[in-house]
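J.: Got protein_39.csv for you, CSV, C-alpha atoms and all ligand atoms:
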chain,number,residue,atom,x,y,z
L,31,MET,CA,0.0,0.0,0.0
L,32,LYS,CA,2.7,2.3,1.0
L,33,GLY,CA,4.7,1.4,-2.1
L,34,LEU,CA,1.6,2.1,-4.3
L,35,ARG,CA,1.0,5.5,-2.7
L,36,ARG,CA,4.6,6.4,-3.3
L,37,ILE,CA,4.2,5.5,-7.0
L,38,LEU,CA,1.0,7.5,-7.3
L,39,LEU,CA,2.6,10.4,-5.6
L,40,SER,CA,5.5,10.4,-8.0
L,41,ILE,CA,3.2,10.1,-11.0
L,42,SER,CA,1.3,13.2,-9.9
L,43,LEU,CA,4.5,15.1,-9.3
L,44,ILE,CA,5.6,14.3,-12.8
L,45,ILE,CA,2.3,15.5,-14.3
L,46,LEU,CA,2.7,18.7,-12.4
L,47,VAL,CA,6.2,19.2,-13.7
L,48,VAL,CA,5.1,18.5,-17.3
L,49,LEU,CA,2.2,21.0,-17.0
L,50,GLY,CA,4.5,23.6,-15.4
L,51,ALA,CA,7.0,23.3,-18.1
L,52,GLY,CA,4.4,23.3,-20.9
L,53,CYS,CA,3.7,20.5,-23.3
L,54,GLY,CA,6.1,21.4,-26.1
L,55,PRO,CA,8.8,19.0,-27.4
L,56,GLY,CA,11.3,18.2,-24.8
L,57,ALA,CA,9.0,19.1,-21.9
L,58,LEU,CA,9.6,15.6,-20.4
L,59,PHE,CA,13.3,16.4,-20.2
L,60,ALA,CA,12.7,19.9,-18.8
L,61,PRO,CA,15.9,21.0,-17.1
L,62,LYS,CA,15.8,21.6,-13.4
L,63,PRO,CA,15.8,25.2,-12.1
L,64,TYR,CA,18.1,26.4,-9.4
L,65,LYS,CA,16.2,29.0,-7.4
L,66,GLU,CA,17.4,31.1,-4.4
L,67,THR,CA,15.9,33.9,-2.4
L,68,GLN,CA,17.8,36.4,-0.4
L,69,PHE,CA,16.8,39.6,1.5
L,70,LEU,CA,19.1,42.3,0.2
L,71,MET,CA,18.8,46.0,-0.7
L,72,ASP,CA,15.8,46.2,1.6
L,73,THR,CA,13.9,43.8,-0.6
L,74,ILE,CA,13.3,40.2,-1.5
L,75,ILE,CA,15.5,39.0,-4.3
L,76,ASP,CA,14.6,35.9,-6.2
L,77,ILE,CA,16.9,34.4,-8.8
L,78,THR,CA,15.9,31.3,-10.9
L,79,ALA,CA,18.2,29.9,-13.5
L,80,TYR,CA,18.2,26.9,-15.8
L,81,GLY,CA,21.0,25.1,-17.4
L,82,GLN,CA,24.4,23.7,-16.6
L,83,GLY,CA,26.2,25.4,-13.8
L,84,ASN,CA,23.1,27.2,-12.7
L,85,GLU,CA,23.7,27.0,-9.0
L,86,ALA,CA,27.2,28.6,-9.2
L,87,ALA,CA,25.9,31.2,-11.6
L,88,VAL,CA,23.1,32.2,-9.2
L,89,LYS,CA,25.7,32.7,-6.5
L,90,THR,CA,27.8,35.1,-8.6
L,91,ALA,CA,24.6,37.0,-9.5
L,92,PHE,CA,23.9,37.4,-5.8
L,93,ASP,CA,27.4,38.6,-5.3
L,94,GLU,CA,26.7,41.5,-7.6
L,95,PHE,CA,23.6,42.6,-5.6
L,96,LYS,CA,25.8,42.4,-2.4
L,97,ARG,CA,28.6,44.4,-4.0
L,98,ILE,CA,26.3,47.2,-5.4
L,99,ASN,CA,24.5,47.3,-2.0
L,100,GLU,CA,27.7,47.8,-0.1
L,101,LEU,CA,28.6,50.7,-2.4
L,102,THR,CA,25.3,52.4,-2.3
L,103,ASN,CA,23.5,51.7,1.0
L,104,ARG,CA,23.0,55.1,2.6
L,105,PHE,CA,22.0,53.6,5.9
L,106,ASP,CA,25.5,52.1,6.2
L,107,GLU,CA,27.9,54.8,7.2
L,108,ASN,CA,30.8,53.0,5.5
L,109,SER,CA,29.2,52.8,2.1
L,110,GLN,CA,30.7,55.0,-0.7
L,111,VAL,CA,27.4,56.9,-1.0
L,112,SER,CA,27.6,57.7,2.7
L,113,LYS,CA,31.2,58.8,2.3
L,114,ILE,CA,30.1,61.2,-0.4
L,115,ASN,CA,27.2,62.5,1.8
L,116,GLN,CA,29.4,62.9,4.8
L,117,ALA,CA,31.8,65.0,2.7
L,118,ALA,CA,29.1,67.3,1.3
L,119,GLY,CA,30.2,71.0,1.3
L,120,LYS,CA,33.8,69.9,2.1
L,121,ASP,CA,35.6,67.4,-0.1
L,122,LYS,CA,35.3,65.4,-3.2
L,123,VAL,CA,35.4,61.6,-2.7
L,124,GLN,CA,36.9,59.0,-4.9
L,125,VAL,CA,34.5,56.1,-5.6
L,126,ASP,CA,34.1,52.9,-7.6
L,127,PRO,CA,33.5,53.2,-11.3
L,128,ASP,CA,30.1,51.6,-10.8
L,129,VAL,CA,29.1,54.4,-8.5
L,130,ILE,CA,30.1,56.9,-11.1
L,131,ALA,CA,28.1,55.0,-13.7
L,132,MET,CA,25.0,55.1,-11.5
L,133,LEU,CA,25.3,58.8,-10.9
L,134,LYS,CA,25.8,59.6,-14.5
L,135,LEU,CA,22.9,57.4,-15.6
L,136,ALA,CA,20.7,59.1,-12.9
L,137,ARG,CA,21.8,62.6,-14.0
L,138,SER,CA,21.0,61.9,-17.7
L,139,ARG,CA,17.5,60.7,-16.6
L,140,SER,CA,17.0,63.9,-14.6
L,141,GLU,CA,17.9,65.9,-17.7
L,142,GLN,CA,15.6,63.9,-19.9
L,143,LEU,CA,12.7,63.7,-17.5
L,144,ASP,CA,12.1,67.2,-16.2
L,145,GLY,CA,14.1,66.5,-13.0
L,146,ALA,CA,11.3,64.1,-11.8
L,147,LEU,CA,14.0,61.6,-10.9
L,148,ASP,CA,16.8,63.3,-8.9
L,149,ILE,CA,19.2,61.3,-6.8
L,150,THR,CA,20.2,64.4,-4.8
L,151,VAL,CA,16.7,64.0,-3.3
L,152,GLY,CA,18.4,62.7,0.0
L,153,ALA,CA,17.6,65.8,2.0
L,154,LEU,CA,13.9,65.2,1.3
L,155,THR,CA,13.8,61.4,1.7
L,156,GLU,CA,15.7,61.8,5.0
L,157,LEU,CA,13.3,64.5,6.2
L,158,TRP,CA,10.3,62.4,5.3
L,159,GLY,CA,11.9,59.2,6.5
L,160,VAL,CA,9.0,57.1,5.1
L,161,GLY,CA,9.4,53.6,6.5
L,162,HIS,CA,11.8,54.9,9.2
L,163,LYS,CA,10.1,57.6,11.2
L,164,GLY,CA,6.6,56.2,11.7
L,165,GLU,CA,3.8,58.6,10.8
L,166,PHE,CA,5.9,61.7,10.5
L,167,VAL,CA,4.7,64.5,8.2
L,168,PRO,CA,7.2,67.4,8.0
L,169,SER,CA,6.1,71.0,8.2
L,170,GLN,CA,5.9,73.2,5.1
L,171,ALA,CA,8.9,75.2,6.6
L,172,GLU,CA,11.0,72.0,6.9
L,173,ILE,CA,10.2,71.0,3.3
L,174,LYS,CA,11.0,74.5,2.1
L,175,ALA,CA,14.4,74.4,3.9
L,176,ALA,CA,15.3,71.1,2.3
L,177,LEU,CA,14.4,72.0,-1.3
L,178,PRO,CA,17.5,74.1,-2.1
L,179,LEU,CA,19.6,71.0,-1.2
L,180,VAL,CA,18.0,69.0,-3.9
L,181,ASP,CA,19.4,69.7,-7.4
L,182,TYR,CA,21.1,67.2,-9.7
L,183,ARG,CA,22.6,70.2,-11.6
L,184,LEU,CA,24.9,70.9,-8.6
L,185,LEU,CA,26.3,67.4,-8.6
L,186,GLU,CA,30.0,67.4,-9.6
L,187,ILE,CA,31.2,64.2,-11.2
L,188,ASP,CA,34.7,63.7,-12.5
L,189,ASP,CA,34.6,60.5,-14.5
L,190,LYS,CA,38.4,60.6,-15.2
L,191,ALA,CA,39.5,60.7,-11.6
L,192,ASN,CA,36.3,58.9,-10.4
L,193,THR,CA,35.5,61.6,-7.9
L,194,VAL,CA,32.1,63.0,-6.7
L,195,PHE,CA,31.4,66.3,-4.9
L,196,LEU,CA,28.3,67.6,-3.4
L,197,PRO,CA,28.9,71.4,-3.1
L,198,LYS,CA,26.4,72.2,-0.4
L,199,THR,CA,26.5,71.1,3.2
L,200,GLY,CA,23.4,69.0,3.9
L,201,MET,CA,23.1,67.7,0.3
L,202,SER,CA,22.8,64.0,0.0
L,203,ILE,CA,22.6,61.3,-2.5
L,204,ASP,CA,19.9,58.6,-2.4
L,205,LEU,CA,20.4,55.8,-4.9
L,206,GLY,CA,17.2,54.0,-3.8
L,207,ALA,CA,15.6,54.4,-7.2
L,208,VAL,CA,18.7,53.4,-9.2
L,209,ALA,CA,20.9,50.8,-7.4
L,210,LYS,CA,18.5,47.8,-7.6
L,211,SER,CA,18.1,48.3,-11.3
L,212,TYR,CA,21.8,48.7,-11.8
L,213,ALA,CA,22.6,45.7,-9.7
L,214,ASN,CA,20.0,43.6,-11.5
L,215,ARG,CA,21.7,44.4,-14.8
L,216,LYS,CA,25.0,43.4,-13.4
L,217,ALA,CA,23.5,40.2,-12.0
L,218,ILE,CA,22.1,39.3,-15.4
L,219,ASP,CA,25.6,40.0,-17.0
L,220,ALA,CA,27.1,37.6,-14.4
L,221,LEU,CA,24.6,34.9,-15.2
L,222,LYS,CA,25.2,35.3,-19.0
L,223,ALA,CA,29.0,35.2,-18.4
L,224,LYS,CA,28.4,31.8,-16.8
L,225,GLY,CA,26.6,30.6,-19.9
L,226,ILE,CA,23.1,30.8,-18.6
L,227,LYS,CA,20.5,31.0,-21.4
L,228,SER,CA,17.3,30.9,-19.3
L,229,ALA,CA,16.8,32.9,-16.1
L,230,LEU,CA,14.6,35.3,-14.2
L,231,VAL,CA,15.8,37.8,-11.6
L,232,ASN,CA,13.1,39.5,-9.5
L,233,ALA,CA,14.5,42.2,-7.1
L,234,GLY,CA,11.3,43.4,-5.5
L,235,GLY,CA,9.4,44.3,-8.7
L,236,GLU,CA,12.6,45.1,-10.7
L,237,VAL,CA,12.6,42.1,-13.0
L,238,ARG,CA,15.0,41.0,-15.7
L,239,VAL,CA,15.0,37.8,-17.7
L,240,ILE,CA,17.4,35.9,-20.0
L,241,GLY,CA,15.9,34.1,-23.0
L,242,THR,CA,12.6,32.3,-22.6
L,243,ARG,CA,11.3,29.7,-20.1
L,244,PRO,CA,12.9,26.3,-20.6
L,245,ASP,CA,9.8,25.2,-22.6
L,246,GLY,CA,10.3,28.0,-25.1
L,247,GLN,CA,7.4,30.1,-23.8
L,248,PRO,CA,8.0,33.8,-22.9
L,249,TRP,CA,8.4,34.6,-19.3
L,250,ARG,CA,5.2,36.1,-17.8
L,251,VAL,CA,5.3,38.5,-15.0
L,252,GLY,CA,2.4,39.7,-12.8
L,253,VAL,CA,1.9,43.3,-11.9
L,254,GLN,CA,0.6,43.6,-8.3
L,255,ASP,CA,-2.8,45.2,-7.7
L,256,PRO,CA,-1.8,48.4,-5.9
L,257,ARG,CA,-4.8,48.2,-3.6
L,258,ASN,CA,-4.9,44.4,-3.0
L,259,THR,CA,-1.7,42.8,-1.9
L,260,GLU,CA,-2.9,39.4,-2.9
L,261,GLY,CA,-4.3,40.3,-6.3
L,262,LEU,CA,-2.7,41.0,-9.7
L,263,ALA,CA,-3.7,44.1,-11.7
L,264,ALA,CA,-2.2,42.6,-14.9
L,265,LYS,CA,0.0,39.9,-16.4
L,266,ILE,CA,2.6,40.9,-19.0
L,267,SER,CA,4.2,38.5,-21.4
L,268,LEU,CA,7.9,39.4,-21.8
L,269,SER,CA,8.1,38.2,-25.4
L,270,ASP,CA,9.4,41.5,-26.7
L,271,TRP,CA,11.2,42.8,-23.6
L,272,ASP,CA,13.6,41.4,-21.1
L,273,SER,CA,13.2,44.1,-18.4
L,274,LEU,CA,10.3,45.2,-16.2
L,275,GLU,CA,10.2,47.6,-13.4
L,276,THR,CA,7.4,48.9,-11.2
L,277,SER,CA,7.3,51.9,-8.9
L,278,GLY,CA,4.2,52.2,-6.6
L,279,ASP,CA,2.8,53.8,-3.5
L,280,TYR,CA,1.9,50.4,-1.8
L,281,GLN,CA,5.2,48.9,-0.7
L,282,ARG,CA,6.7,51.6,1.5
L,283,PHE,CA,4.1,54.1,2.9
L,284,PHE,CA,2.0,55.1,5.9
L,285,ILE,CA,-1.5,56.5,6.1
L,286,LYS,CA,-2.2,59.4,8.4
L,287,ASP,CA,-5.6,61.2,8.7
L,288,ASN,CA,-6.7,59.2,5.6
L,289,VAL,CA,-3.9,60.4,3.5
L,290,ARG,CA,-1.3,58.0,2.0
L,291,TYR,CA,2.3,59.1,2.2
L,292,ALA,CA,4.5,56.9,0.1
L,293,HIS,CA,8.3,56.8,-0.4
L,294,ILE,CA,8.5,58.6,-3.8
L,295,ILE,CA,8.9,62.3,-3.5
L,296,ASP,CA,8.6,64.9,-6.2
L,297,PRO,CA,12.0,66.6,-6.0
L,298,ARG,CA,10.6,69.8,-7.3
L,299,THR,CA,7.9,70.2,-4.7
L,300,GLY,CA,9.1,68.1,-1.8
L,301,VAL,CA,5.9,66.2,-1.4
L,302,GLN,CA,4.4,62.9,-2.7
L,303,PRO,CA,2.9,62.9,-6.2
L,304,ARG,CA,-0.7,61.3,-6.1
L,305,GLU,CA,-2.1,61.1,-9.5
L,306,VAL,CA,-0.6,57.7,-10.2
L,307,VAL,CA,-0.4,54.8,-7.7
L,308,SER,CA,1.7,52.4,-9.8
L,309,VAL,CA,3.7,52.5,-13.0
L,310,THR,CA,5.2,49.5,-14.7
L,311,ILE,CA,7.8,49.9,-17.5
L,312,VAL,CA,8.9,47.2,-19.9
L,313,SER,CA,12.0,47.6,-22.0
L,314,LYS,CA,14.8,45.8,-23.9
L,315,SER,CA,18.1,45.7,-22.0
L,316,ASP,CA,20.0,46.5,-25.3
L,317,ASN,CA,18.2,49.9,-25.4
L,318,TYR,CA,19.4,50.8,-22.0
L,319,ALA,CA,16.1,52.4,-21.0
L,320,ASP,CA,16.7,51.6,-17.3
L,321,VAL,CA,15.5,53.5,-14.3
L,322,LEU,CA,12.3,55.1,-15.7
L,323,SER,CA,9.5,54.0,-13.4
L,324,THR,CA,10.2,56.4,-10.4
L,325,ALA,CA,10.2,59.4,-12.7
L,326,MET,CA,7.1,58.2,-14.5
L,327,PHE,CA,5.4,57.9,-11.1
L,328,VAL,CA,6.2,61.5,-10.4
L,329,LEU,CA,5.4,62.8,-13.9
L,330,GLY,CA,1.9,61.2,-14.1
L,331,VAL,CA,0.0,59.8,-17.1
L,332,GLU,CA,0.2,62.7,-19.6
L,333,ARG,CA,3.7,64.1,-19.2
L,334,GLY,CA,5.0,60.6,-18.5
L,335,GLN,CA,3.7,59.2,-21.8
L,336,GLU,CA,5.0,62.2,-23.6
L,337,LEU,CA,8.5,61.9,-22.2
L,338,LEU,CA,8.5,58.1,-22.6
L,339,LYS,CA,8.6,58.6,-26.4
L,340,GLN,CA,12.3,59.3,-26.0
L,341,TYR,CA,12.8,55.6,-25.5
L,342,PRO,CA,11.5,53.7,-28.5
L,343,GLY,CA,10.4,50.2,-27.8
L,344,THR,CA,9.8,51.0,-24.1
L,345,GLU,CA,6.2,50.7,-22.9
L,346,ALA,CA,4.3,51.5,-19.8
L,347,VAL,CA,1.2,50.7,-17.7
L,348,PHE,CA,0.0,53.5,-15.4
L,349,ILE,CA,-2.6,52.8,-12.8
L,350,THR,CA,-4.2,56.0,-11.5
L,351,ASN,CA,-5.5,57.0,-8.2
L,352,ASP,CA,-9.1,56.4,-9.4
L,353,GLY,CA,-8.3,52.9,-10.7
L,354,LYS,CA,-7.9,53.6,-14.4
L,355,LYS,CA,-5.3,51.6,-16.3
L,356,VAL,CA,-3.5,53.5,-19.1
L,357,VAL,CA,-1.5,51.3,-21.4
L,358,THR,CA,0.9,52.5,-24.1
L,359,PRO,CA,0.1,51.1,-27.6
L,360,GLY,CA,3.1,48.7,-27.9
L,361,LEU,CA,1.8,46.6,-25.0
L,362,ALA,CA,-1.4,45.7,-26.9
L,363,GLY,CA,-1.8,41.9,-27.0
L,364,LYS,CA,1.0,41.4,-24.5
L,365,ILE,CA,-1.0,42.4,-21.4
L,366,GLU,CA,-3.9,40.7,-19.7
L,367,PHE,CA,-6.1,42.1,-17.0
L,401,LIG,P1,11.4,50.8,-5.2
L,401,LIG,O1,12.4,51.2,-4.1
L,401,LIG,O2,10.1,50.2,-4.6
L,401,LIG,O3,12.0,50.0,-6.3
L,401,LIG,P2,11.7,53.1,-6.7
L,401,LIG,O4,12.6,52.4,-7.6
L,401,LIG,O5,10.7,54.0,-7.4
L,401,LIG,O6,10.9,52.2,-5.8
L,401,LIG,O7,12.6,54.0,-5.8
L,401,LIG,C1,12.1,54.7,-4.7
L,401,LIG,C2,13.2,55.1,-3.8
L,401,LIG,O8,14.0,56.1,-4.5
L,401,LIG,C3,12.7,55.8,-2.5
L,401,LIG,O9,12.6,54.8,-1.5
L,401,LIG,C4,13.8,56.8,-2.3
L,401,LIG,O10,14.9,56.2,-1.6
L,401,LIG,C5,14.2,57.2,-3.7
L,401,LIG,N1,13.5,58.3,-4.2
L,401,LIG,C6,12.2,58.8,-3.8
L,401,LIG,N2,11.8,59.8,-4.7
L,401,LIG,C7,12.8,59.9,-5.6
L,401,LIG,C8,12.9,60.8,-6.8
L,401,LIG,N3,12.0,61.6,-7.1
L,401,LIG,N4,14.1,60.7,-7.5
L,401,LIG,C9,15.0,59.8,-7.1
L,401,LIG,N5,14.9,59.0,-6.1
L,401,LIG,C10,13.8,59.0,-5.3
L,402,MG,MG,13.0,50.5,-8.1
Output the file's structure as structure tokens, nothing else.
Ligand code: ADP
Ligand code: MG
T.:
Amino acid sequence: MKGLRRILLSISLIILVVLGAGCGPGALFAPKPYKETQFLMDTIIDITAYGQGNEAAVKTAFDEFKRINELTNRFDENSQVSKINQAAGKDKVQVDPDVIAMLKLARSRSEQLDGALDITVGALTELWGVGHKGEFVPSQAEIKAALPLVDYRLLEIDDKANTVFLPKTGMSIDLGAVAKSYANRKAIDALKAKGIKSALVNAGGEVRVIGTRPDGQPWRVGVQDPRNTEGLAAKISLSDWDSLETSGDYQRFFIKDNVRYAHIIDPRTGVQPREVVSVTIVSKSDNYADVLSTAMFVLGVERGQELLKQYPGTEAVFITNDGKKVVTPGLAGKIEF
């Protein structure tokens, strides 16, 4: 009896695997994934990879997340970003070329996107402290005092000497909107360098894939319903894209007097933008249209869509405060609600 049950159990397991892998040719020989989850960069990072050497490859991918986190974590006083912030108004600081690359990427986004993304937003994100200070809402005077300390145009980057200087005391860099994306790109590079042809990396809604699923089907990624943590607002098939990022007001926030205060701040006003509650961007890694979702969240549907045209092949889903879903044309047929 026990033997029979074991046989039945193993049959049902096989059926599950076959279904999960799809029914295409070779499904019965579907390769085994190696999957690992770690909590890093203040978020859950899942890496799944298929193919020979997948376990070792996943380890090197995690090493990239660790390395970029150590460089950029502003809550670690020894990180290079903290060193730059501690020297604000005093000295330039020499940093790793990866930090220079992140700062330059962020600065070009600021220029392209009306300053809606600005990594010198540190004075404001520290003042608000969403996720760190309880239900703290700063006064208008405090916000006004912080605003002059936020301006990407003041950032001095020397990419020959690899030095960075913040000219005003109190200025500070916050790479919260950039580092996960940058690290994820590095993690994907590390997987590819190890010969991986099929993988998915999800760093808290910052998703990148290599190739297709092992059964040849495109990877499909769910977009969380911003007002129901258990539900999905949409499913996107990554047939034409290998990168997906979401910025929303539902992961890090507090509600006080019926008002939601989330972690994304408009660097120009010092307060939370509220037209949009979630923005998802899909793009192709080769186009290098990384780090757009935070700015799109700040810009809102109309200006966001207008400025997104600078990045051909990159598409967006905006979910607005009143529940509307606005999808750019290139996503038609690739998204399901
Ligand atoms: P997530 O952290 O959920 O991936 P984002 O990628 O949109 O979300 O990054 C939000 C983080 O970026 C905030 O937690 C804060 O550290 C920082 N930030 C907030 N507002 C801005 C802004 N306007 N420009 C640049 N960085 C920002
Ligand atoms: Mg992000």
J.: Under the rule that all atoms listed in the file are counted, which of L:Ser112, L:Gln302, L:Ser140, L:Asn232 is the nearest residue to Thr78 in chain L?
T.: L:Asn232
J.: Step by step, measure atom-to-atom distances between ligand LIG 401 (chain L) and each residue using all atoms listed in the file, keep those at most 6 Å, then write them as a list in words.
T.: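 The residues near ligand LIG 401 (chain L) are Ala146, Leu147, Asp148, Ile149, Val151, Asp204, Gly206, Ala207, Ser277, His293, Ile294, Ile295, Asp296, Pro297 and Thr324 of chain L.
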J.: Quick one: which chain L residues come within 8 Å of ligand MG 402 (chain L), and what is the nearest atom pair for each with the distance in Å to one decimal, counting all atoms listed in the file, rows ordered by chain and ascending number, as a tab-separated table?
T.:
residue	atom	partner	partner_atom	distance
L:Gly206	CA	L:MG402	MG	7.0
L:Ala207	CA	L:MG402	MG	4.8
L:Val208	CA	L:MG402	MG	6.5
L:Ala209	CA	L:MG402	MG	7.9
L:Lys210	CA	L:MG402	MG	6.1
L:Ser211	CA	L:MG402	MG	6.4
L:Gly234	CA	L:MG402	MG	7.7
L:Gly235	CA	L:MG402	MG	7.2
L:Glu236	CA	L:MG402	MG	6.0
L:Glu275	CA	L:MG402	MG	6.7
L:Thr276	CA	L:MG402	MG	6.6
L:Ser277	CA	L:MG402	MG	5.9
L:Val321	CA	L:MG402	MG	7.3
L:Ser323	CA	L:MG402	MG	7.3
L:Thr324	CA	L:MG402	MG	6.9
J.: By how many Å are CA of Pro197 in chain L and CA of Gly119 in chain L apart?
T.: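 Between CA of Pro197 in chain L and CA of Gly119 in chain L the gap is 4.6 Å.
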J.: When you draw a straight line from CA of Arg257 in chain L to CA of Phe95 in chain L, how long is it in Å?
T.: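 Atom-to-atom, CA of Arg257 in chain L and CA of Phe95 in chain L are spaced 29.0 Å apart.
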J.: When distances are computed from only C-alpha atoms, which of L:Gly261, L:Gly161, L:Gly83, L:Pro248 shows the smallest separation from Gln281 in chain L?
T.: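 Between L:Gly261, L:Gly161, L:Gly83, L:Pro248, the residue approaching Gln281 in chain L most closely is L:Gly161.
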J.: List the spatial neighbours of Arg298 in chain L as a VMD selection string - criterion: any atom at most 12 Å away, all atoms listed in the file, same-chain residues fewer than 6 positions off excluded.
T.: chain L and resid 140 144 to 148 150 to 151 154 173 to 174 176 to 182 325 328 to 329
J.: Go ahead and save the residues from that selection, with C-alpha atoms, as a short mmCIF file (atom, residue, chain, number, x, y, z; two decimals), keeping the file's coordinate frame.
T.:
data_model
loop_
_atom_site.label_atom_id
_atom_site.label_comp_id
_atom_site.auth_asym_id
_atom_site.auth_seq_id
_atom_site.Cartn_x
_atom_site.Cartn_y
_atom_site.Cartn_z
CA SER L 140 17.00 63.90 -14.60
CA ASP L 144 12.10 67.20 -16.20
CA GLY L 145 14.10 66.50 -13.00
CA ALA L 146 11.30 64.10 -11.80
CA LEU L 147 14.00 61.60 -10.90
CA ASP L 148 16.80 63.30 -8.90
CA THR L 150 20.20 64.40 -4.80
CA VAL L 151 16.70 64.00 -3.30
CA LEU L 154 13.90 65.20 1.30
CA ILE L 173 10.20 71.00 3.30
CA LYS L 174 11.00 74.50 2.10
CA ALA L 176 15.30 71.10 2.30
CA LEU L 177 14.40 72.00 -1.30
CA PRO L 178 17.50 74.10 -2.10
CA LEU L 179 19.60 71.00 -1.20
CA VAL L 180 18.00 69.00 -3.90
CA ASP L 181 19.40 69.70 -7.40
CA TYR L 182 21.10 67.20 -9.70
CA ALA L 325 10.20 59.40 -12.70
CA VAL L 328 6.20 61.50 -10.40
CA LEU L 329 5.40 62.80 -13.90
#
J.: Between CA of Val125 in chain L and CA of Lys224 in chain L, what is the spacing in Å?
T.: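 Computing it gives 27.4 Å between the two atoms.
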J.: Have a look at L:Tyr341, L:Phe367, L:Phe284, L:Tyr212 and name the one nearest to Leu135 in chain L; count only C-alpha atoms.
T.: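 Closest to Leu135 in chain L, using only C-alpha atoms: L:Tyr212.
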J.: Would you mind telling me which residue in L:Gln335, L:Ser273, L:Asn214, L:Thr242 lies nearest to Lys227 in chain L when using all atoms listed in the file?
T.: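 With all atoms listed in the file as the atom set, the closest residue is L:Thr242.
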J.: May I ask which of the residues L:Ala191, L:Leu185, L:Leu361, L:Met326 is the closest one to Ser269 in chain L, counting all atoms listed in the file?
T.: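 Closest to Ser269 in chain L of all the choices is L:Leu361.
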